[in-house]
Amino acid sequence: MADREHEKSSQSTTKRRHDDSEDEDEPNPKKVVPSKPKGTAEETYQMTIGQFSSWYDKRRQLFNKLKCVYSDLLDTATFSNVKSTIDLLQALHASGNLSPQNLTLLNDAIIITNQFGLRDLIRKEMVSFPDVKLVSSILSPHRQKSISFFSSLSDDDLKTINGMYNNPNKSYSDRWDMLFDLDRRIDEPLNKDNWAKFVENLKKTKKTGTAEETYQTIKVVFSSWYDERREDGLFSMLKCVYSDLLDNATFSNVKSTIDMLHSLDASGNLSPQNLTLFNDAIIITNQFGLRNLIREEVESFPDVKLVSSILSPHRQKSISFFSSLSDDDLKTINGMYNNPNKSYSDRWDMLFDLDRRIDEPLNKDNWAKFVENLKKTKKTGRGKINEQKWNEFAEKLKKIKSEIMIPQDYHHHEIIGDYLLAKQRKLCRKARRFTPHIMSNEFKVDISEMFTDLELLKKNKKKTDSQPTTLPDVLNIIKSRHACKVLIEGEAGMGKTTLLRHIAYKWSTETNEESKGEIEFEAFKGKIVYLLNIRDLEPGATILNLIEKQQNMDRFKCKTGLSNDFGLIKQYIVKNENKIVLLLDGLDELRFENKGLTHLFTEEDFEESTVIITSRPINVTEFKNSCDVHVRVNGFSELSIRNYIDKYFKYFEEPGLGNSLREELEIDKNYYIRQKHPQVCLLCNNPMLLSSICTIWNDKQKLPSNRCDLFKEFFRCFFNQFRKNNEVKRTISKFEDAPNEYINAMIVLGKYMYNSLKSNKLSIRKNDLKASQDIIDLVLNLGFVYKEPSSLKSNTEKNEVYMPLHKLIAESLVGFYLYKQCEGVTNEYPEDVRTLLTEFEPEEEWKVIRECEYLEVANTFAVEFLGDDAGKFLKHWITNELSTYRPLASIYLEHVEEQHYVKVNTSLNEYMNKNLTKTKQEQIVVICNSLKVFVDAVDDKSFIQLIRDIQRTTENDFYIFCNTLHFPNKGEILAHILYFCTQEFELDNCNLSGDVMNKMIEEVGKMGGDLGIGRLSIMENNFSNIEGTLLGCLLNMSPSLYSFNIKHCNLSGTIIHDMVKECKESSCLQLLQEFILDGNNLININGKILSKLPNPSMEECNLSGVIINDMMTENCDKVSNAIYNILIAIISATLMVLYWVL
């Protein structure tokens, strides 16, 4: 049987091995007689890998394929030392993937490379060698798919791929050498997220020739077009378009368009893989006929509607501005900057000349001054312009988005600006020193010495599309974009706050010696930076109110000689928004009563300011949709962990302890072979937790085994610090020895933190605490909370406000309280504590705990504190509502340790059997049968275990399953799988019909509750007979959905109309970030219906002018991005004017 057929069969979970002749050659189990006594397991293992190595080394063409099979399991550094099969197997052994007890990977390789003769050879010596017919889950479905795909490629296909990714072509020994090379590229062109794009690019390239041939064709057509129109000024205009991308020395050698393109190629701005600059020039110079001409030669040439971010908004604006100038305007500008006047060939020759001046009169910082000087010169008559022409010029200025600001009293504004700049520099310099979370306030750490680079991912609008980045790269993007809006997202303790402090501190020292050589921090040069905590926003307050709280107006009066009226500062900030940078920390801590802050990204408030806001991944969908840059903080990389440990102990003058901690954690070893503290190592990428681990090591030179024990150590540190402050000599050596009064205080504090956290508040008021005075004193003084400075000014002593040191500390205390709640009340507790533990309203309160997203982290702490009694807490997720089982499996059971899992799972199953209604139990049996079909599970797997298996599968598993599923109740089975999925669900090109989808959606509706998926892709299926109302119901049941792909599904305008109509009353459509409708025939749709869709992609949808007109009529007051994109495709002559008006 052919190689590709074997690989295809290995991906199917339902097919048997198909080669009958090989089945006949397999040994009959009844007749097997060992040929000789076997040695120890280790000896047998060595003999087996010896046979395996010898087989593949003799067939050297298979060695590269073997490397591809194991590509995901070893890093690049390890592979660099692999010269033979035995090297490869030894590396797999060292990584923990291969052992005498686990030979699965050997069998996987035999199946994928179709070397079944090797298995027969091994089994002659080792009868126990696995005779499994399917590839294991160790090798991902995507890995199997990529190998199967490359097996099927022709030599011409391979040449095409070589040209797509290499310039010049590389010399590969075979197809597997190529696959392995592309697999290891930094940009990962063949990874799971980029695979569809790779296949599509291959199809396009095969149609048009190699990437290099296509590139050369485009360059020739492009160059000829602009050179032939040199007299019209297009060549000079093109130089202006690319002005920022090449230096003066390079431009001095540019005599033609082809020279310019060669220079852009050499600078890395243009390449066969990146044709963006061609399109940018076509749009800005309004030469859409050229695009049509290129597409006649190169069908795959992009048909992009907007200018890319490579060309700055200021570059586009300056070209638009010069396009609008009259001849008299140009004469005036000539007189302003040349004496005597220069002779320019055209306006673009002038713009290019002024652009290259040393004093940069037209750069972004000087632009407002240039426009103001031009206005003054025209008014004084030096340009000899009459009143009518001046009015025309003034009207043009209104249409162009400029940065003109003419304060009533410029001198006062200058004084205020200097005062605020100096004040904020001083404040931000102070931000360098902070107290780690489990240290006394007397300890201060210097961020300039402790800051360690974080692992960052820059995410695009498509959530699945992200790439590694660095802080300098992010700051450079911010610098290049006017009024950039940035969302920094990350889990608790990942370093978001420290990152903002670091940025603020670096800005405050940008003119100091310490900042020399750190050019990236010039992103905010000349601007005023405000570092603000969002949790400090009082109900109904604004960002300006928060800034006002920082002001000492009497000092302002003394320093500036102006009145002590904050209105002066407010006026300065409003009129100089472009000089303001807001660093806003903790969006997830915004008080429940406050309205959201999306207006900072989408409306007029601070619309000219740069705004950077941090948040946990809670309620940030709108910010993701409207931000310019979305960055996710992943904490510390392996290298950063080592660097942080070294910096920490060097700062505290104990470098030897740093070395011993690294040795204890085995940080310098490969991750897969660490044995001492695997769970603690997983916590080390969290900067806050690593800081605490260092503190604990400094104190005890001993490490906890998991997060639960780690936080108990935190609590112990708080206790000992309190005792030290109160001159108690005896320290607490372990948490279990803590005095009862400390535990009681934690329960009380956890209870009131619980009340606050339910509404996403972190503060507690002293006046609200109900307990004995001794316990209240401990609650406020143990060190978990601190007194809010602002509360000292405005509140009485009894109404003082207290805050936790960090949100994670609050959540751990709430988790501790819930843990004690589940343990039950005993007489050991004093009466006031017993009262707090018994005033729970069981049904109502547990519903709040299940559904409140702000309590999710606290709930995970409760699970960990309970250990093998976690069933007492998790049983409250066993309800007659199926939606509660999804978070139970995907979130909370993940926090049950392996040694506790059997007991916890057993207790949950027993609780289900006793407490669920008979009807619900019967429904669960039906669902279990469906899930077992998918995961190929044994009969004794429980409902909860099956859900966990579903949530751990990949999109390729769904693809394989759907294409091999032939049950009559296919729709019902898919519904049961979809219901318990989280994050992504992909059924692309799965031979699904509209009838199957209708049944699937109907069954999901019967199950009740909302779906938990974030991305749903069902493209390239024939849904011509799907019911649009049911499709709308699917969207209504998916409140977390951000991406919906129904590309090429044979959908009609009627279906989409019914879908939108069904969604009319809900907000599901508005929450979508991505809605792909490409390739559906919507010629009979009502344009007004399309206007309801959020930024849809509608390529190849047969849209008519009437439809577009209806869309415009419906949205005349606010043109959506989708309509705007369509307008640009239709209107060419007025493109640039429309761009700036909008």
# chains A, B, ... in the order shown; residues from 1 in each chain; ligands from 1
>>> residues_around(residues="segment 546-556 of chain A", least_positions_apart="5", cutoff="8 Å", atoms="only C-alpha atoms", output="ChimeraX atom specification")
/A:419,530,532,536-537,541,561-562,564-566
>>> write_last_selection(atoms="all heavy atoms", output="PDB file, in the first residue's frame")
ATOM      1  N   TYR A 419       5.735  72.622  34.181  1.00  0.00           N
ATOM      2  CA  TYR A 419       5.485  72.196  35.567  1.00  0.00           C
ATOM      3  C   TYR A 419       5.033  70.721  35.603  1.00  0.00           C
ATOM      4  O   TYR A 419       5.549  69.919  36.381  1.00  0.00           O
ATOM      5  CB  TYR A 419       4.415  73.085  36.209  1.00  0.00           C
ATOM      6  CG  TYR A 419       3.895  72.552  37.521  1.00  0.00           C
ATOM      7  CD1 TYR A 419       4.612  72.744  38.701  1.00  0.00           C
ATOM      8  CD2 TYR A 419       2.695  71.834  37.578  1.00  0.00           C
ATOM      9  CE1 TYR A 419       4.142  72.235  39.907  1.00  0.00           C
ATOM     10  CE2 TYR A 419       2.225  71.326  38.774  1.00  0.00           C
ATOM     11  CZ  TYR A 419       2.946  71.515  39.943  1.00  0.00           C
ATOM     12  OH  TYR A 419       2.483  71.010  41.129  1.00  0.00           O
ATOM     13  N   TYR A 530       1.353  59.801  32.628  1.00  0.00           N
ATOM     14  CA  TYR A 530       0.618  59.607  33.878  1.00  0.00           C
ATOM     15  C   TYR A 530       0.469  58.108  34.127  1.00  0.00           C
ATOM     16  O   TYR A 530      -0.089  57.388  33.303  1.00  0.00           O
ATOM     17  CB  TYR A 530      -0.763  60.260  33.807  1.00  0.00           C
ATOM     18  CG  TYR A 530      -0.720  61.767  33.913  1.00  0.00           C
ATOM     19  CD1 TYR A 530      -0.645  62.562  32.774  1.00  0.00           C
ATOM     20  CD2 TYR A 530      -0.732  62.396  35.158  1.00  0.00           C
ATOM     21  CE1 TYR A 530      -0.589  63.943  32.868  1.00  0.00           C
ATOM     22  CE2 TYR A 530      -0.675  63.777  35.264  1.00  0.00           C
ATOM     23  CZ  TYR A 530      -0.596  64.538  34.111  1.00  0.00           C
ATOM     24  OH  TYR A 530      -0.527  65.911  34.213  1.00  0.00           O
ATOM     25  N   LEU A 532      -1.389  55.580  36.391  1.00  0.00           N
ATOM     26  CA  LEU A 532      -2.589  55.633  37.225  1.00  0.00           C
ATOM     27  C   LEU A 532      -3.132  54.232  37.495  1.00  0.00           C
ATOM     28  O   LEU A 532      -3.095  53.365  36.615  1.00  0.00           O
ATOM     29  CB  LEU A 532      -3.675  56.469  36.538  1.00  0.00           C
ATOM     30  CG  LEU A 532      -3.279  57.895  36.123  1.00  0.00           C
ATOM     31  CD1 LEU A 532      -4.352  58.490  35.223  1.00  0.00           C
ATOM     32  CD2 LEU A 532      -3.066  58.768  37.344  1.00  0.00           C
ATOM     33  N   ASP A 536      -8.377  53.071  41.694  1.00  0.00           N
ATOM     34  CA  ASP A 536      -8.541  54.303  42.466  1.00  0.00           C
ATOM     35  C   ASP A 536      -9.691  55.166  41.954  1.00  0.00           C
ATOM     36  O   ASP A 536     -10.003  56.196  42.551  1.00  0.00           O
ATOM     37  CB  ASP A 536      -7.244  55.126  42.433  1.00  0.00           C
ATOM     38  CG  ASP A 536      -6.111  54.431  43.173  1.00  0.00           C
ATOM     39  OD1 ASP A 536      -6.422  53.603  44.049  1.00  0.00           O
ATOM     40  OD2 ASP A 536      -4.931  54.700  42.874  1.00  0.00           O
ATOM     41  N   LEU A 537     -10.298  54.755  40.828  1.00  0.00           N
ATOM     42  CA  LEU A 537     -11.418  55.527  40.287  1.00  0.00           C
ATOM     43  C   LEU A 537     -12.648  55.352  41.174  1.00  0.00           C
ATOM     44  O   LEU A 537     -13.177  54.253  41.303  1.00  0.00           O
ATOM     45  CB  LEU A 537     -11.755  55.059  38.860  1.00  0.00           C
ATOM     46  CG  LEU A 537     -11.051  55.735  37.694  1.00  0.00           C
ATOM     47  CD1 LEU A 537     -11.454  55.059  36.396  1.00  0.00           C
ATOM     48  CD2 LEU A 537     -11.356  57.211  37.625  1.00  0.00           C
ATOM     49  N   ALA A 541     -16.376  58.739  38.716  1.00  0.00           N
ATOM     50  CA  ALA A 541     -15.223  59.607  38.457  1.00  0.00           C
ATOM     51  C   ALA A 541     -14.650  59.343  37.067  1.00  0.00           C
ATOM     52  O   ALA A 541     -14.923  58.328  36.435  1.00  0.00           O
ATOM     53  CB  ALA A 541     -14.157  59.378  39.517  1.00  0.00           C
ATOM     54  N   GLY A 561       3.096  80.620  39.681  1.00  0.00           N
ATOM     55  CA  GLY A 561       2.594  81.987  39.781  1.00  0.00           C
ATOM     56  C   GLY A 561       1.172  82.128  39.269  1.00  0.00           C
ATOM     57  O   GLY A 561       0.650  83.243  39.167  1.00  0.00           O
ATOM     58  N   LEU A 562       0.521  80.998  38.941  1.00  0.00           N
ATOM     59  CA  LEU A 562      -0.867  81.013  38.464  1.00  0.00           C
ATOM     60  C   LEU A 562      -1.801  80.666  39.620  1.00  0.00           C
ATOM     61  O   LEU A 562      -1.360  80.250  40.700  1.00  0.00           O
ATOM     62  CB  LEU A 562      -1.037  80.018  37.319  1.00  0.00           C
ATOM     63  CG  LEU A 562      -0.114  80.213  36.112  1.00  0.00           C
ATOM     64  CD1 LEU A 562      -0.285  79.064  35.121  1.00  0.00           C
ATOM     65  CD2 LEU A 562      -0.403  81.539  35.421  1.00  0.00           C
ATOM     66  N   ASN A 564      -4.521  78.654  41.963  1.00  0.00           N
ATOM     67  CA  ASN A 564      -4.574  77.236  42.331  1.00  0.00           C
ATOM     68  C   ASN A 564      -5.890  76.611  41.870  1.00  0.00           C
ATOM     69  O   ASN A 564      -6.618  75.986  42.639  1.00  0.00           O
ATOM     70  CB  ASN A 564      -4.391  77.056  43.832  1.00  0.00           C
ATOM     71  CG  ASN A 564      -5.444  77.807  44.630  1.00  0.00           C
ATOM     72  OD1 ASN A 564      -6.191  78.604  44.068  1.00  0.00           O
ATOM     73  ND2 ASN A 564      -5.510  77.559  45.934  1.00  0.00           N
ATOM     74  N   ASP A 565      -6.165  76.748  40.593  1.00  0.00           N
ATOM     75  CA  ASP A 565      -7.391  76.244  39.970  1.00  0.00           C
ATOM     76  C   ASP A 565      -7.033  75.064  39.077  1.00  0.00           C
ATOM     77  O   ASP A 565      -6.300  75.225  38.087  1.00  0.00           O
ATOM     78  CB  ASP A 565      -8.044  77.368  39.157  1.00  0.00           C
ATOM     79  CG  ASP A 565      -9.307  76.900  38.435  1.00  0.00           C
ATOM     80  OD1 ASP A 565      -9.779  75.790  38.741  1.00  0.00           O
ATOM     81  OD2 ASP A 565      -9.799  77.657  37.571  1.00  0.00           O
ATOM     82  N   PHE A 566      -7.542  73.864  39.434  1.00  0.00           N
ATOM     83  CA  PHE A 566      -7.242  72.692  38.611  1.00  0.00           C
ATOM     84  C   PHE A 566      -7.772  72.855  37.193  1.00  0.00           C
ATOM     85  O   PHE A 566      -7.301  72.203  36.271  1.00  0.00           O
ATOM     86  CB  PHE A 566      -7.845  71.429  39.243  1.00  0.00           C
ATOM     87  CG  PHE A 566      -7.603  70.182  38.423  1.00  0.00           C
ATOM     88  CD1 PHE A 566      -6.337  69.628  38.333  1.00  0.00           C
ATOM     89  CD2 PHE A 566      -8.639  69.579  37.721  1.00  0.00           C
ATOM     90  CE1 PHE A 566      -6.110  68.494  37.569  1.00  0.00           C
ATOM     91  CE2 PHE A 566      -8.416  68.450  36.951  1.00  0.00           C
ATOM     92  CZ  PHE A 566      -7.140  67.902  36.877  1.00  0.00           C
TER      93      PHE A 566
END
>>> residues_around(residues="Gln46 of chain A", least_positions_apart="5", cutoff="9 Å", atoms="only C-alpha atoms", output="list of chain:residue names")
A:Ala41, A:Gln51, A:Pro100
>>> write_last_selection(atoms="N, CA, C and O atoms", output="compact mmCIF listing (two decimals), in the first residue's frame")
# COMPACT_ATOMS: atom_id res chain seq x y z
N ALA A 41 14.47 -5.65 31.58
CA ALA A 41 13.75 -4.67 30.76
C ALA A 41 14.72 -3.70 30.11
O ALA A 41 14.55 -3.31 28.94
N GLN A 51 18.03 -2.24 17.22
CA GLN A 51 17.40 -2.73 15.98
C GLN A 51 16.75 -1.57 15.22
O GLN A 51 16.86 -1.47 14.00
N PRO A 100 12.16 2.40 28.81
CA PRO A 100 11.85 0.96 28.76
C PRO A 100 10.38 0.67 29.01
O PRO A 100 9.85 -0.33 28.52
>>> select_by_dssp(residues="segment 632-841 of chain A", states="strand (DSSP E)", output="list of chain:residue names")
A:Arg632, A:Val633, A:Ile764, A:Arg765, A:Val785, A:Tyr786, A:Lys787, A:Val801, A:Tyr802, A:Met803, A:Pro804
>>> write_last_selection(atoms="N, CA and C atoms", output="CSV table (one decimal), in the first residue's frame")
chain,number,residue,atom,x,y,z
A,632,ARG,N,0.0,40.3,24.8
A,632,ARG,CA,-0.3,39.4,25.9
A,632,ARG,C,1.0,39.1,26.6
A,633,VAL,N,1.0,39.3,28.0
A,633,VAL,CA,2.2,39.1,28.8
A,633,VAL,C,2.2,37.6,29.2
A,764,ILE,N,-12.0,46.9,51.5
A,764,ILE,CA,-12.9,46.6,52.6
A,764,ILE,C,-12.9,47.9,53.5
A,765,ARG,N,-14.0,48.1,54.1
A,765,ARG,CA,-14.1,49.2,55.1
A,765,ARG,C,-14.0,48.7,56.5
A,785,VAL,N,-3.4,43.4,54.2
A,785,VAL,CA,-4.0,44.6,53.6
A,785,VAL,C,-3.2,45.8,54.2
A,786,TYR,N,-3.4,46.9,53.4
A,786,TYR,CA,-2.8,48.2,53.9
A,786,TYR,C,-3.9,49.3,53.8
A,787,LYS,N,-3.7,50.3,54.6
A,787,LYS,CA,-4.7,51.4,54.7
A,787,LYS,C,-4.5,52.3,53.4
A,801,VAL,N,-10.5,52.8,54.7
A,801,VAL,CA,-10.5,51.8,53.6
A,801,VAL,C,-9.2,51.0,53.5
A,802,TYR,N,-9.3,49.7,53.4
A,802,TYR,CA,-8.1,48.9,53.3
A,802,TYR,C,-8.1,48.1,52.0
A,803,MET,N,-6.9,47.9,51.5
A,803,MET,CA,-6.7,47.2,50.2
A,803,MET,C,-5.7,46.1,50.3
A,804,PRO,N,-5.9,45.0,49.6
A,804,PRO,CA,-4.8,43.9,49.6
A,804,PRO,C,-3.6,44.4,48.9
